[in-house]
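Undergrad: Would you mind keeping the following structure in view while I ask a few things?
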Amino acid sequence: YCVLVAFTIGIVGCTSSTKKDKDMEGMESDAIELATKIKIGWNLGNSLEVPLSDGGETGWGNPQTTKDLIDLVKASGFNAVRIPCAWDGYADSTKVISPEWLARVQEVVDYCMANDMYAILNIHWDGGWLENNCTPDKKEANVKKQAALWTQIAGKLNHYDERVLFAGCNEPNVENATQMEVLKAYEQAFVDAVRATGGNNAVRNLIVQGPSTNIDRTAEMFSLPNDAVENRLLVEVHFYDPWNFCGMSQDETWGKMHYFWGDHLVPGSDRNSNWGDEVHIKSQFQKMKSKFVDKGIPVILGEYGMVIRTGLGEHQEAHDKSRQQWVEVVTREAKNHGIVPFLWDIGVNGCINRTTGKQQDAYMLNGIMKGAAEGKYPY
């Protein structure tokens, strides 16, 4: 839901002793240790991931990201920011990224560091060059592109401490085992490229995405890429269940939009959510806990959230309270299952109004923070 080299680096067999190396000061935490430090995360959606061909950072209606905005995000209770980012359109025909664009992205990362926040930087949709092409015919070219882009990104940001994490892609479209093998090649290229830059990146925690970042497909098909350093990989999935409530923007032949969820159903309404209740949420998250968390691999919930409906008259409050309860439950149960939650926010109708520089939607913000306070990582 997004608007919407192999080589040797000399640390094979690296264990926890690496963390004590004073050359790696600031990089001590392995994946589990780092995950415990993230209270609740927020997405800078529809900003740095906007393709240059669509107008760049402000092309999808948001103002340029400022330090004041990230200050407000921190003041609102978030201590981590996921930075969706485009790269391909900012690179020339030889895949050299514009120095100006690298500097701009670094500037936004610096806003997070100045607030002592954690930052996840990815390759997002990026025109779909990777996401839409987990296919054998595109594999060779895209492995080369993935390695080229991440060598530059990781090289530029190598000096940052463990608060900066890299994520190899976003929502790679994978439906079968053949496509999954291609995705594994893309993610292996990502890990190898970052590790090859050495320095802090030799042990930086990295995030790899499950097929379509779908929980069921990830539970069924996904396995981690190889890494020269132990316990420094996290898995990412996204969550928008029930879709009728979270993501639909118009009625379809196969179903209607749902406005009401949980304890706030409206008697007799055909807009009540009829699937995706709290039991479903816990069941889905348990799949990630059993598959990864219980084996020492933390999971990032890189996106979750819902559209906001207005104009519902006497039933507006029921909708707003439904949204508040849903985000509270998802946030709490994610953390209870060892999954680190990052709210998807695109600026319009989000928790933070990027134009006014003020908080908005108290329902969502209160639900998120209540869930974040109540949820406890099982590490």
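Lettering and numbering for the structure tokens are positional, with chains as A, B, ... in the shown order, residues counted from 1 in each chain, and ligands counted from 1 in the shown order.
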Please, which residues in stretch 217-313 of chain A fall within 6 Å of stretch 318-336 of chain A when counting only C-alpha atoms, and what is the closest atom pair and distance in Å to one decimal for each, ordered by chain then residue number, as a tab-separated table?
TA:
```
residue	atom	partner	partner_atom	distance
A:Tyr259	CA	A:His319	CA	5.5
A:Phe260	CA	A:His319	CA	5.2
A:Trp261	CA	A:Ser322	CA	5.0
A:His264	CA	A:Ala318	CA	5.5
```
Undergrad: Put those residues in a file: C-alpha atoms, as an mmCIF file, in the first residue's frame.
TA:
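Saved the output as selection.cif:
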```cif
data_model
loop_
_atom_site.group_PDB
_atom_site.id
_atom_site.type_symbol
_atom_site.label_atom_id
_atom_site.label_comp_id
_atom_site.auth_asym_id
_atom_site.auth_seq_id
_atom_site.Cartn_x
_atom_site.Cartn_y
_atom_site.Cartn_z
ATOM 1 C CA TYR A 259 -16.035 2.101 8.073
ATOM 2 C CA PHE A 260 -16.504 0.424 11.439
ATOM 3 C CA TRP A 261 -14.335 -2.118 13.294
ATOM 4 C CA HIS A 264 -17.573 0.323 17.335
#
```
Undergrad: List every residue of stretch 118-249 of chain A that DSSP, applied to the backbone of this structure, places in strand (DSSP E or B), and write the result as a PyMOL selection string.
TA: chain A and resi 118-122+164-167+206-209+229+233-239
Undergrad: Which residues are near A:Glu181? Cut-off 12 Å, only C-alpha atoms, ignore same chain within fewer than 4 positions. Put them as an MDAnalysis selection string.
TA: chainID A and resid 134:136 139 172 174:177 185:188 210:211 221:225
Undergrad: May I have the residues from that selection written out with N, CA and C atoms, as a PDB file, in the first residue's frame?
TA:
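part14.pdb written:
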```
ATOM      1  N   CYS A 134      10.512  -9.142 -10.276  1.00  0.00           N
ATOM      2  CA  CYS A 134      11.153 -10.293  -9.628  1.00  0.00           C
ATOM      3  C   CYS A 134      10.985 -11.496 -10.550  1.00  0.00           C
ATOM      4  N   THR A 135      11.563 -11.377 -11.731  1.00  0.00           N
ATOM      5  CA  THR A 135      11.392 -12.366 -12.792  1.00  0.00           C
ATOM      6  C   THR A 135      12.749 -12.754 -13.364  1.00  0.00           C
ATOM      7  N   PRO A 136      12.881 -14.005 -13.817  1.00  0.00           N
ATOM      8  CA  PRO A 136      14.183 -14.478 -14.310  1.00  0.00           C
ATOM      9  C   PRO A 136      14.770 -13.631 -15.427  1.00  0.00           C
ATOM     10  N   LYS A 139      16.541 -10.606 -13.879  1.00  0.00           N
ATOM     11  CA  LYS A 139      17.402 -10.885 -12.740  1.00  0.00           C
ATOM     12  C   LYS A 139      18.809 -10.331 -12.887  1.00  0.00           C
ATOM     13  N   PRO A 172       8.371  -6.044  -2.823  1.00  0.00           N
ATOM     14  CA  PRO A 172       8.685  -6.808  -4.038  1.00  0.00           C
ATOM     15  C   PRO A 172       7.577  -7.797  -4.367  1.00  0.00           C
ATOM     16  N   VAL A 174       5.984 -10.832  -5.393  1.00  0.00           N
ATOM     17  CA  VAL A 174       6.379 -12.235  -5.511  1.00  0.00           C
ATOM     18  C   VAL A 174       5.169 -13.111  -5.211  1.00  0.00           C
ATOM     19  N   GLU A 175       4.872 -14.010  -6.144  1.00  0.00           N
ATOM     20  CA  GLU A 175       3.713 -14.879  -5.969  1.00  0.00           C
ATOM     21  C   GLU A 175       4.054 -16.360  -5.970  1.00  0.00           C
ATOM     22  N   ASN A 176       5.282 -16.724  -6.368  1.00  0.00           N
ATOM     23  CA  ASN A 176       5.608 -18.139  -6.479  1.00  0.00           C
ATOM     24  C   ASN A 176       7.090 -18.361  -6.188  1.00  0.00           C
ATOM     25  N   ALA A 177       7.493 -19.638  -6.182  1.00  0.00           N
ATOM     26  CA  ALA A 177       8.862 -19.995  -5.819  1.00  0.00           C
ATOM     27  C   ALA A 177       9.885 -19.458  -6.805  1.00  0.00           C
ATOM     28  N   ALA A 185      18.022 -13.261  -4.894  1.00  0.00           N
ATOM     29  CA  ALA A 185      19.213 -12.740  -5.574  1.00  0.00           C
ATOM     30  C   ALA A 185      19.317 -11.237  -5.402  1.00  0.00           C
ATOM     31  N   TYR A 186      18.192 -10.537  -5.481  1.00  0.00           N
ATOM     32  CA  TYR A 186      18.195  -9.083  -5.290  1.00  0.00           C
ATOM     33  C   TYR A 186      18.609  -8.730  -3.860  1.00  0.00           C
ATOM     34  N   GLU A 187      18.102  -9.483  -2.892  1.00  0.00           N
ATOM     35  CA  GLU A 187      18.418  -9.170  -1.507  1.00  0.00           C
ATOM     36  C   GLU A 187      19.840  -9.581  -1.144  1.00  0.00           C
ATOM     37  N   GLN A 188      20.340 -10.647  -1.781  1.00  0.00           N
ATOM     38  CA  GLN A 188      21.735 -11.020  -1.585  1.00  0.00           C
ATOM     39  C   GLN A 188      22.662  -9.949  -2.143  1.00  0.00           C
ATOM     40  N   GLY A 210      10.109  -9.620   2.934  1.00  0.00           N
ATOM     41  CA  GLY A 210       9.440 -10.844   2.546  1.00  0.00           C
ATOM     42  C   GLY A 210       8.727 -10.671   1.223  1.00  0.00           C
ATOM     43  N   PRO A 211       8.327 -11.770   0.566  1.00  0.00           N
ATOM     44  CA  PRO A 211       7.625 -11.692  -0.712  1.00  0.00           C
ATOM     45  C   PRO A 211       6.337 -10.878  -0.598  1.00  0.00           C
ATOM     46  N   MET A 221       7.354 -18.919   2.291  1.00  0.00           N
ATOM     47  CA  MET A 221       8.400 -18.989   1.276  1.00  0.00           C
ATOM     48  C   MET A 221       9.739 -18.388   1.647  1.00  0.00           C
ATOM     49  N   PHE A 222       9.804 -17.536   2.643  1.00  0.00           N
ATOM     50  CA  PHE A 222      10.997 -16.698   2.825  1.00  0.00           C
ATOM     51  C   PHE A 222      12.067 -17.345   3.690  1.00  0.00           C
ATOM     52  N   SER A 223      13.316 -17.118   3.293  1.00  0.00           N
ATOM     53  CA  SER A 223      14.472 -17.450   4.120  1.00  0.00           C
ATOM     54  C   SER A 223      15.493 -16.336   3.968  1.00  0.00           C
ATOM     55  N   LEU A 224      16.305 -16.138   4.981  1.00  0.00           N
ATOM     56  CA  LEU A 224      17.254 -15.032   4.979  1.00  0.00           C
ATOM     57  C   LEU A 224      18.357 -15.231   3.941  1.00  0.00           C
ATOM     58  N   PRO A 225      18.853 -14.146   3.360  1.00  0.00           N
ATOM     59  CA  PRO A 225      20.048 -14.246   2.517  1.00  0.00           C
ATOM     60  C   PRO A 225      21.261 -14.566   3.382  1.00  0.00           C
TER      61      PRO A 225
END
```
Undergrad: Excluding A:Val340 and any residue of its chain fewer than 4 positions from it, enumerate the residues within 10 Å of it, using only C-alpha atoms, and give them as an MDAnalysis selection string.
TA: chainID A and resid 35:41 236 298:302 331:336 372 377
Undergrad: Restricting the calculation to only C-alpha atoms, which member of A:Tyr90, A:Tyr111, A:Phe78, A:Trp243 is positioned closest to A:Ser53?
TA: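 Under the stated criterion, the closest residue is A:Tyr90.
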Undergrad: In Å, with one decimal, what is the gap from atom CA of A:Pro341 to atom CA of A:Arg82?
TA: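 Pair atom CA of A:Pro341 / atom CA of A:Arg82 returns 10.3 Å.
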Undergrad: Pick out each residue of stretch 95-199 of chain A that DSSP on the backbone tags as alpha helix (DSSP H); I need them as an MDAnalysis selection string.
TA: chainID A and resid 99:114 136:156 177:196
Undergrad: Hey, what's within 12 Å of A:Ser98 if we count only C-alpha atoms and toss same-chain stuff fewer than 2 positions away? As a PDB file with C-alpha atoms, in the first residue's frame, please?
TA:
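What follows is the written file part20.pdb:
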```pdb
ATOM      1  CA  LEU A  52      12.046  12.822 -10.181  1.00  0.00           C
ATOM      2  CA  ALA A  86      13.624   6.878  -4.823  1.00  0.00           C
ATOM      3  CA  TRP A  87      17.018   6.491  -6.501  1.00  0.00           C
ATOM      4  CA  ASP A  88      16.759   5.236 -10.068  1.00  0.00           C
ATOM      5  CA  GLY A  89      15.380   8.482 -11.505  1.00  0.00           C
ATOM      6  CA  TYR A  90      18.142  10.407  -9.770  1.00  0.00           C
ATOM      7  CA  ALA A  91      20.847   8.285 -11.407  1.00  0.00           C
ATOM      8  CA  ASP A  92      22.382   8.639 -14.872  1.00  0.00           C
ATOM      9  CA  SER A  93      22.559   5.942 -17.531  1.00  0.00           C
ATOM     10  CA  THR A  94      25.550   4.354 -15.788  1.00  0.00           C
ATOM     11  CA  LYS A  95      23.592   4.255 -12.495  1.00  0.00           C
ATOM     12  CA  VAL A  96      25.639   6.979 -10.841  1.00  0.00           C
ATOM     13  CA  GLU A 100      22.959  16.533  -4.942  1.00  0.00           C
ATOM     14  CA  TRP A 101      20.312  13.895  -4.302  1.00  0.00           C
ATOM     15  CA  LEU A 102      22.598  11.855  -2.060  1.00  0.00           C
ATOM     16  CA  ALA A 103      23.308  15.023  -0.103  1.00  0.00           C
ATOM     17  CA  ARG A 104      19.605  15.817   0.224  1.00  0.00           C
ATOM     18  CA  VAL A 105      18.785  12.353   1.534  1.00  0.00           C
ATOM     19  CA  LEU A 149      22.861   1.762  -6.140  1.00  0.00           C
ATOM     20  CA  GLN A 152      26.748   4.360  -3.449  1.00  0.00           C
ATOM     21  CA  ILE A 153      24.037   4.763  -0.807  1.00  0.00           C
ATOM     22  CA  LYS A 156      27.679   7.868   1.430  1.00  0.00           C
TER      23      LYS A 156
END
```
Undergrad: For A:Gln316, which residue out of A:Leu365, A:Val266, A:Met248, A:Ile352 is the nearest one, using only C-alpha atoms?
TA: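 Answer, going by the shortest atom-to-atom distance: A:Val266.
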Undergrad: Can you tell me, as a list in words, what residues are no more than 12 Å from A:Ser29 when counting only C-alpha atoms, ignoring any on the same chain fewer than 2 positions away?
TA: Ser16, Ser17, Thr18, Lys19, Lys20, Met24, Glu25, Gly26, Met27, Ala31, Ile32, Glu33, Leu34, Ala35, Thr36, Lys37, Asp161, Glu162, Arg163, Val164, Leu165, Asn200, Val203, Arg204, Asn205, Glu230, Asn231, Arg232 and Leu233 of chain A
Undergrad: Hey, which of A:Gly350, A:Gly128, A:Gly371, A:Pro378 ends up closest to A:Gly305? Count only C-alpha atoms.
TA: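 Closest candidate: A:Gly350.
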Undergrad: Could you check the closest approach to A:Leu48 for each of A:Gly77, A:Phe239, A:Glu314, A:Ile346 and tell me which residue wins, using only C-alpha atoms?
TA: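 Among the listed residues, A:Ile346 lies closest to A:Leu48.
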